[in-house]
Amino acid sequence: MLRVRFAPSPTGFLHIGSARTFIFNWLYARRNGGTMILRIDDTDIERNTEASLQSIFDGLNWLNLGWDEFYRQSDRPQLHAQVAGAIFQKGLAYRDFTPAGREEGEKSRAGGPWLFNAGMRELTAEESSRRAAAGEKFVLRFRVPRDQDRQVRFTDLVYGEQSKAAADIEDFALLRSDGTPTYHLASCADDADLKISHIIRGQDHLSNTFKHVLIFQAAGAEMPLFAHLPLLVAPDGTKLSKRKHGPVVSVTTYRDAGFLPQAYVNFLCLLGWSPKDNREQMTRQELIDAFTFEGVNRSNAVVNFSEQDPIDQKALWLNSQHLRTMPVADLLPYVEAELARAGFTIPYGKDWLSSTVDLIRARYFTLRDFVTRGRAYFAADFPIEPDALEKLNKPGAREGLRELGRRLAASQEFNEQSVEAELRKLAEELGVKAGILINGARAALTGQSVGPSAFHLFIAVGKERAVARLSGV
RNA sequence: GGCGCUAUCGUCUAAUGGUUAGGACGGAGCCCUCUCAAGGCUUUAAUACGGGUUCGACUCCCGUUAGCGCUACCA
């Protein structure tokens, strides 16, 4: 039974690196018929916030991938205490009565790192119990084996065989002095209890895994398989952080910028993973079918952004590809939501919306473009851009366009062919180049000098509005 | 400092001992054209450095350098 989990801690918004970890877990589960578990790792009560929890849900919901089971570590304290107790009973953990904050001096001994506090590690069972019974506060530490040549090993599905001398691992904490579990203990206890078969997480946990292996063994739990993922970093190679890099690290930024979730998921997948067959634009199903750990890289991936250009160009390009090629029917709900948010009322029916969206999406990059660059199609008022004004100011343009408006109003027919015939005939009569009227019409109808073919535009704007806009130039 | 991990165009990546080191984004140019896109074509640019092993190294080994991670009663 394949079971994977995504275990964020609610101490900030949903980070794009976390989102990618979620996606890879999800892909692996879906690919192999496994179970996807969302577990909130909220053992750090001090730093947890409701806002952060909400932001995680916002982000995950937008990604629209879903999960099968949900847990919160704060609902399971008895499990954590029980696992810690079992390890202690076996003599594999000990009480450290060193007062909080005082370790500092002992840790910074010259040379090597702090590994353990001999006095505490070697306290007799009697004295340890006596001091605990007397109410003295203590941290429960794992008694890491100190045998000289003892190696801790595991096989990582991405990074391969890993080993580290136990002597290099410090006696890490299992329980804090207030009795609450640390991340290491809670995470392993829950992974074991939830029968997680594959732990897929960021590479920042690769060295922690040696500690986790020790915990799983001490608890007598079945060892899960591990797969660590390369990190997402900023262009300067440093870890992405809100303080340093701002909103580019938050998933909701991309949602608000008008990304399609499937396109953003696609983009994130391409950071640190490759289907190895040169494919880039992939649907959700294609990603599921192609996802394997062999395709995961080992080096960190840079998210390419700058102050001037906060959105990765490739992400934008990928979004445009999805936007332009997905079935229009699937795109419509997104566009409708975007228009509603902007307060636009759709002027005609569903068929019109469908064909108009299909017409204009060919040059759009995000959903935002529908309400900004696409304003003239959906709203009554729209600005005339400077370039468009230039087209209108061409000699003969305004007069010609007004006349065209009158003729179209009078004509029975109104389709691409009839409009084109009418326009070309008029241009000839007036002795102006057709381009003057064509480009002028685009300017009059949309306020823009660039856009779809002018004759398609007439239809998208509609006869009524087209006539009105032409007569108003 | 100690330990662990990593190193191919500016960026994302392909090539698991034999390729003119491939693709994509971005940049430049051409074609197409009622504008802008799209599309088509062309172009720009990389194996961090130094040693091995081998007939042959991006690929294996060692060292150097650089980056990242862990080294908390954070996760």
# chains A, B, ... in the order shown; residues from 1 in each chain; ligands from 1
call {"tool": "interface_residues", "arguments": {"of": "chain A", "to": "chain B", "cutoff": "8 Å", "atoms": "only C-alpha atoms (C1' of nucleotides)", "output": "number ranges by chain"}}
result
A: 9, 44, 100, 111-113, 139, 164, 168, 173, 175-177, 182-183, 203-208, 237-238, 270-271, 274, 276-278, 280, 298-304, 313-314, 317, 362-363, 434-435, 438-439, 449-454
call {"tool": "write_last_selection", "arguments": {"atoms": "C-alpha atoms", "output": "mmCIF file, in the first residue's frame"}}
result
data_model
loop_
_atom_site.group_PDB
_atom_site.id
_atom_site.type_symbol
_atom_site.label_atom_id
_atom_site.label_comp_id
_atom_site.auth_asym_id
_atom_site.auth_seq_id
_atom_site.Cartn_x
_atom_site.Cartn_y
_atom_site.Cartn_z
ATOM 1 C CA SER A 9 3.953 23.662 9.173
ATOM 2 C CA ASP A 44 5.649 24.634 17.173
ATOM 3 C CA ALA A 100 16.975 26.004 28.507
ATOM 4 C CA GLY A 111 36.673 22.909 17.205
ATOM 5 C CA GLY A 112 33.937 20.375 16.640
ATOM 6 C CA PRO A 113 30.218 20.706 17.073
ATOM 7 C CA VAL A 139 14.545 17.693 27.563
ATOM 8 C CA LYS A 164 26.861 9.046 8.001
ATOM 9 C CA ASP A 168 28.806 12.809 13.933
ATOM 10 C CA ALA A 173 15.826 16.386 21.295
ATOM 11 C CA LEU A 175 10.619 16.104 23.779
ATOM 12 C CA ARG A 176 10.941 19.728 24.853
ATOM 13 C CA SER A 177 11.055 20.638 28.519
ATOM 14 C CA THR A 182 9.951 18.189 18.566
ATOM 15 C CA TYR A 183 9.581 18.009 14.816
ATOM 16 C CA GLN A 203 16.492 18.182 0.361
ATOM 17 C CA ASP A 204 16.882 20.376 3.430
ATOM 18 C CA HIS A 205 15.820 17.262 5.322
ATOM 19 C CA LEU A 206 18.401 14.972 3.789
ATOM 20 C CA SER A 207 20.786 15.212 6.732
ATOM 21 C CA ASN A 208 17.906 15.082 9.212
ATOM 22 C CA GLY A 237 21.511 30.839 -5.217
ATOM 23 C CA THR A 238 20.085 31.517 -1.801
ATOM 24 C CA LEU A 270 9.824 21.321 -14.647
ATOM 25 C CA LEU A 271 11.922 22.728 -11.805
ATOM 26 C CA SER A 274 12.247 16.253 -16.377
ATOM 27 C CA LYS A 276 13.584 13.402 -20.381
ATOM 28 C CA ASP A 277 11.901 13.474 -23.763
ATOM 29 C CA ASN A 278 11.951 17.221 -24.396
ATOM 30 C CA GLU A 280 7.525 20.939 -21.712
ATOM 31 C CA ARG A 298 19.875 16.390 -7.587
ATOM 32 C CA SER A 299 20.929 20.000 -7.957
ATOM 33 C CA ASN A 300 18.919 22.995 -6.851
ATOM 34 C CA ALA A 301 16.796 24.814 -9.415
ATOM 35 C CA VAL A 302 16.772 28.580 -9.776
ATOM 36 C CA VAL A 303 13.457 30.352 -10.042
ATOM 37 C CA ASN A 304 14.360 33.064 -12.505
ATOM 38 C CA GLN A 313 9.566 34.108 -18.126
ATOM 39 C CA LYS A 314 9.227 30.420 -18.692
ATOM 40 C CA TRP A 317 5.280 31.325 -21.527
ATOM 41 C CA ALA A 362 -4.130 33.738 -28.940
ATOM 42 C CA ARG A 363 -2.129 36.763 -27.825
ATOM 43 C CA ALA A 434 -7.521 49.910 -46.970
ATOM 44 C CA GLY A 435 -4.899 49.675 -44.210
ATOM 45 C CA ILE A 438 -8.438 48.518 -41.164
ATOM 46 C CA ASN A 439 -5.999 49.757 -38.573
ATOM 47 C CA SER A 449 -3.305 49.453 -32.247
ATOM 48 C CA VAL A 450 -2.626 45.775 -31.917
ATOM 49 C CA GLY A 451 -4.916 42.799 -31.688
ATOM 50 C CA PRO A 452 -6.747 40.230 -33.753
ATOM 51 C CA SER A 453 -7.545 40.560 -37.401
ATOM 52 C CA ALA A 454 -9.771 43.614 -37.818
#
call {"tool": "select_by_dssp", "arguments": {"residues": "region 250-426 of chain A", "states": "helix (DSSP H, G or I)", "output": "VMD selection string"}}
result
chain A and resid 251 to 256 261 to 269 284 to 290 293 to 295 313 to 325 328 to 341 350 to 363 368 to 371 375 to 378 386 to 392 397 to 410 416 to 426
call {"tool": "residues_around", "arguments": {"residues": "Arg398 (chain A)", "least_positions_apart": "3", "cutoff": "10 Å", "atoms": "only C-alpha atoms (C1' of nucleotides)", "output": "PyMOL selection string"}}
result
chain A and resi 391-395+401-404+436-437+440-441+444+470-473
call {"tool": "write_last_selection", "arguments": {"atoms": "C-alpha atoms", "output": "JSON list (two decimals), in the first residue's frame"}}
result
[["chain", "number", "residue", "atom", "x", "y", "z"],
["A", 391, "LYS", "CA", -3.93, 55.34, -36.29],
["A", 392, "LEU", "CA", -7.09, 57.39, -35.89],
["A", 393, "ASN", "CA", -5.23, 60.59, -36.68],
["A", 394, "LYS", "CA", -4.08, 59.30, -40.05],
["A", 395, "PRO", "CA", -5.48, 61.50, -42.84],
["A", 401, "LEU", "CA", -14.62, 55.20, -40.21],
["A", 402, "ARG", "CA", -17.70, 57.31, -39.52],
["A", 403, "GLU", "CA", -18.95, 56.61, -43.04],
["A", 404, "LEU", "CA", -18.19, 52.93, -42.57],
["A", 436, "ILE", "CA", -5.90, 53.14, -42.98],
["A", 437, "LEU", "CA", -9.44, 51.99, -42.37],
["A", 440, "GLY", "CA", -8.27, 52.65, -37.76],
["A", 441, "ALA", "CA", -11.15, 50.28, -37.16],
["A", 444, "ALA", "CA", -11.81, 52.63, -32.81],
["A", 470, "LEU", "CA", -17.17, 53.98, -35.35],
["A", 471, "SER", "CA", -19.52, 56.92, -35.27],
["A", 472, "GLY", "CA", -17.88, 58.19, -32.10],
["A", 473, "VAL", "CA", -14.39, 58.62, -33.55]]
call {"tool": "residues_around", "arguments": {"residues": "region 47-62 of chain B", "least_positions_apart": "2", "cutoff": "7 Å", "atoms": "only C-alpha atoms (C1' of nucleotides)", "output": "PDB file with N, CA and C atoms (P, O5', C5', C4', C3', O3' and C1' of nucleotides), in the first residue's frame"}}
result
ATOM      1  P     U B   8      25.608  22.710 -13.557  1.00  0.00           P
ATOM      2  O5'   U B   8      25.953  22.371 -15.083  1.00  0.00           O
ATOM      3  C5'   U B   8      27.293  22.512 -15.529  1.00  0.00           C
ATOM      4  C4'   U B   8      27.299  22.449 -17.016  1.00  0.00           C
ATOM      5  C3'   U B   8      26.331  23.403 -17.707  1.00  0.00           C
ATOM      6  O3'   U B   8      26.904  24.694 -17.831  1.00  0.00           O
ATOM      7  C1'   U B   8      26.117  21.258 -18.654  1.00  0.00           C
ATOM      8  P     G B  17      27.292   4.511 -19.517  1.00  0.00           P
ATOM      9  O5'   G B  17      28.390   5.052 -20.549  1.00  0.00           O
ATOM     10  C5'   G B  17      29.089   6.237 -20.263  1.00  0.00           C
ATOM     11  C4'   G B  17      29.940   6.546 -21.471  1.00  0.00           C
ATOM     12  C3'   G B  17      29.942   5.397 -22.466  1.00  0.00           C
ATOM     13  O3'   G B  17      29.187   5.574 -23.655  1.00  0.00           O
ATOM     14  C1'   G B  17      32.169   6.001 -21.770  1.00  0.00           C
ATOM     15  P     G B  18      28.917   6.862 -24.645  1.00  0.00           P
ATOM     16  O5'   G B  18      30.262   7.088 -25.467  1.00  0.00           O
ATOM     17  C5'   G B  18      30.890   8.390 -25.486  1.00  0.00           C
ATOM     18  C4'   G B  18      31.288   8.747 -26.904  1.00  0.00           C
ATOM     19  C3'   G B  18      30.121   8.647 -27.892  1.00  0.00           C
ATOM     20  O3'   G B  18      29.960   9.843 -28.668  1.00  0.00           O
ATOM     21  C1'   G B  18      31.837   6.993 -28.381  1.00  0.00           C
TER      22        G B  18
END
call {"tool": "residues_around", "arguments": {"residues": "G40 (chain B)", "least_positions_apart": "3", "cutoff": "12 Å", "atoms": "only C-alpha atoms (C1' of nucleotides)", "output": "JSON list (two decimals) with C-alpha atoms (C1' of nucleotides), in the first residue's frame"}}
result
[["chain", "number", "residue", "atom", "x", "y", "z"],
["B", 30, "C", "C1'", 14.38, 36.55, -41.59],
["B", 31, "C", "C1'", 9.66, 34.78, -43.74],
["B", 32, "C", "C1'", 4.38, 35.37, -43.35]]
call {"tool": "residues_around", "arguments": {"residues": "region 249-264 of chain A", "least_positions_apart": "4", "cutoff": "7 Å", "atoms": "only C-alpha atoms (C1' of nucleotides)", "output": "list in words"}}
result
Phe13, Leu14, His15, Ile16, Gly59, Trp62, Leu63, Leu240, Ser241, Lys242, His245, Leu268, Arg284, Ala315, Leu318, Asn319, His322, Thr366, Leu367 and Arg368 of chain A
call {"tool": "residues_around", "arguments": {"residues": "Ala379 (chain A)", "least_positions_apart": "4", "cutoff": "10 Å", "atoms": "only C-alpha atoms (C1' of nucleotides)", "output": "PyMOL selection string"}}
result
chain A and resi 339+343-347+371+374-375
call {"tool": "closest_residue", "arguments": {"among": "A:Asp193, A:Glu338, A:Ser163, A:Arg407", "to": "Gln78 (chain A)", "atoms": "only C-alpha atoms"}}
result
A:Asp193
call {"tool": "select_by_dssp", "arguments": {"residues": "region 237-460 of chain A", "states": "strand (DSSP E or B)", "output": "MDAnalysis selection string"}}
result
chainID A and resid 239 250 273 296 301:302
call {"tool": "atom_distance", "arguments": {"atom1": "CA of Gly33 (chain A)", "atom2": "CA of Arg3 (chain A)"}}
result
9.2 Å
call {"tool": "atom_distance", "arguments": {"atom1": "CA of Thr283 (chain A)", "atom2": "CA of Leu316 (chain A)"}}
result
16.0 Å
call {"tool": "atom_distance", "arguments": {"atom1": "CA of Val467 (chain A)", "atom2": "CA of Gly400 (chain A)"}}
result
12.7 Å
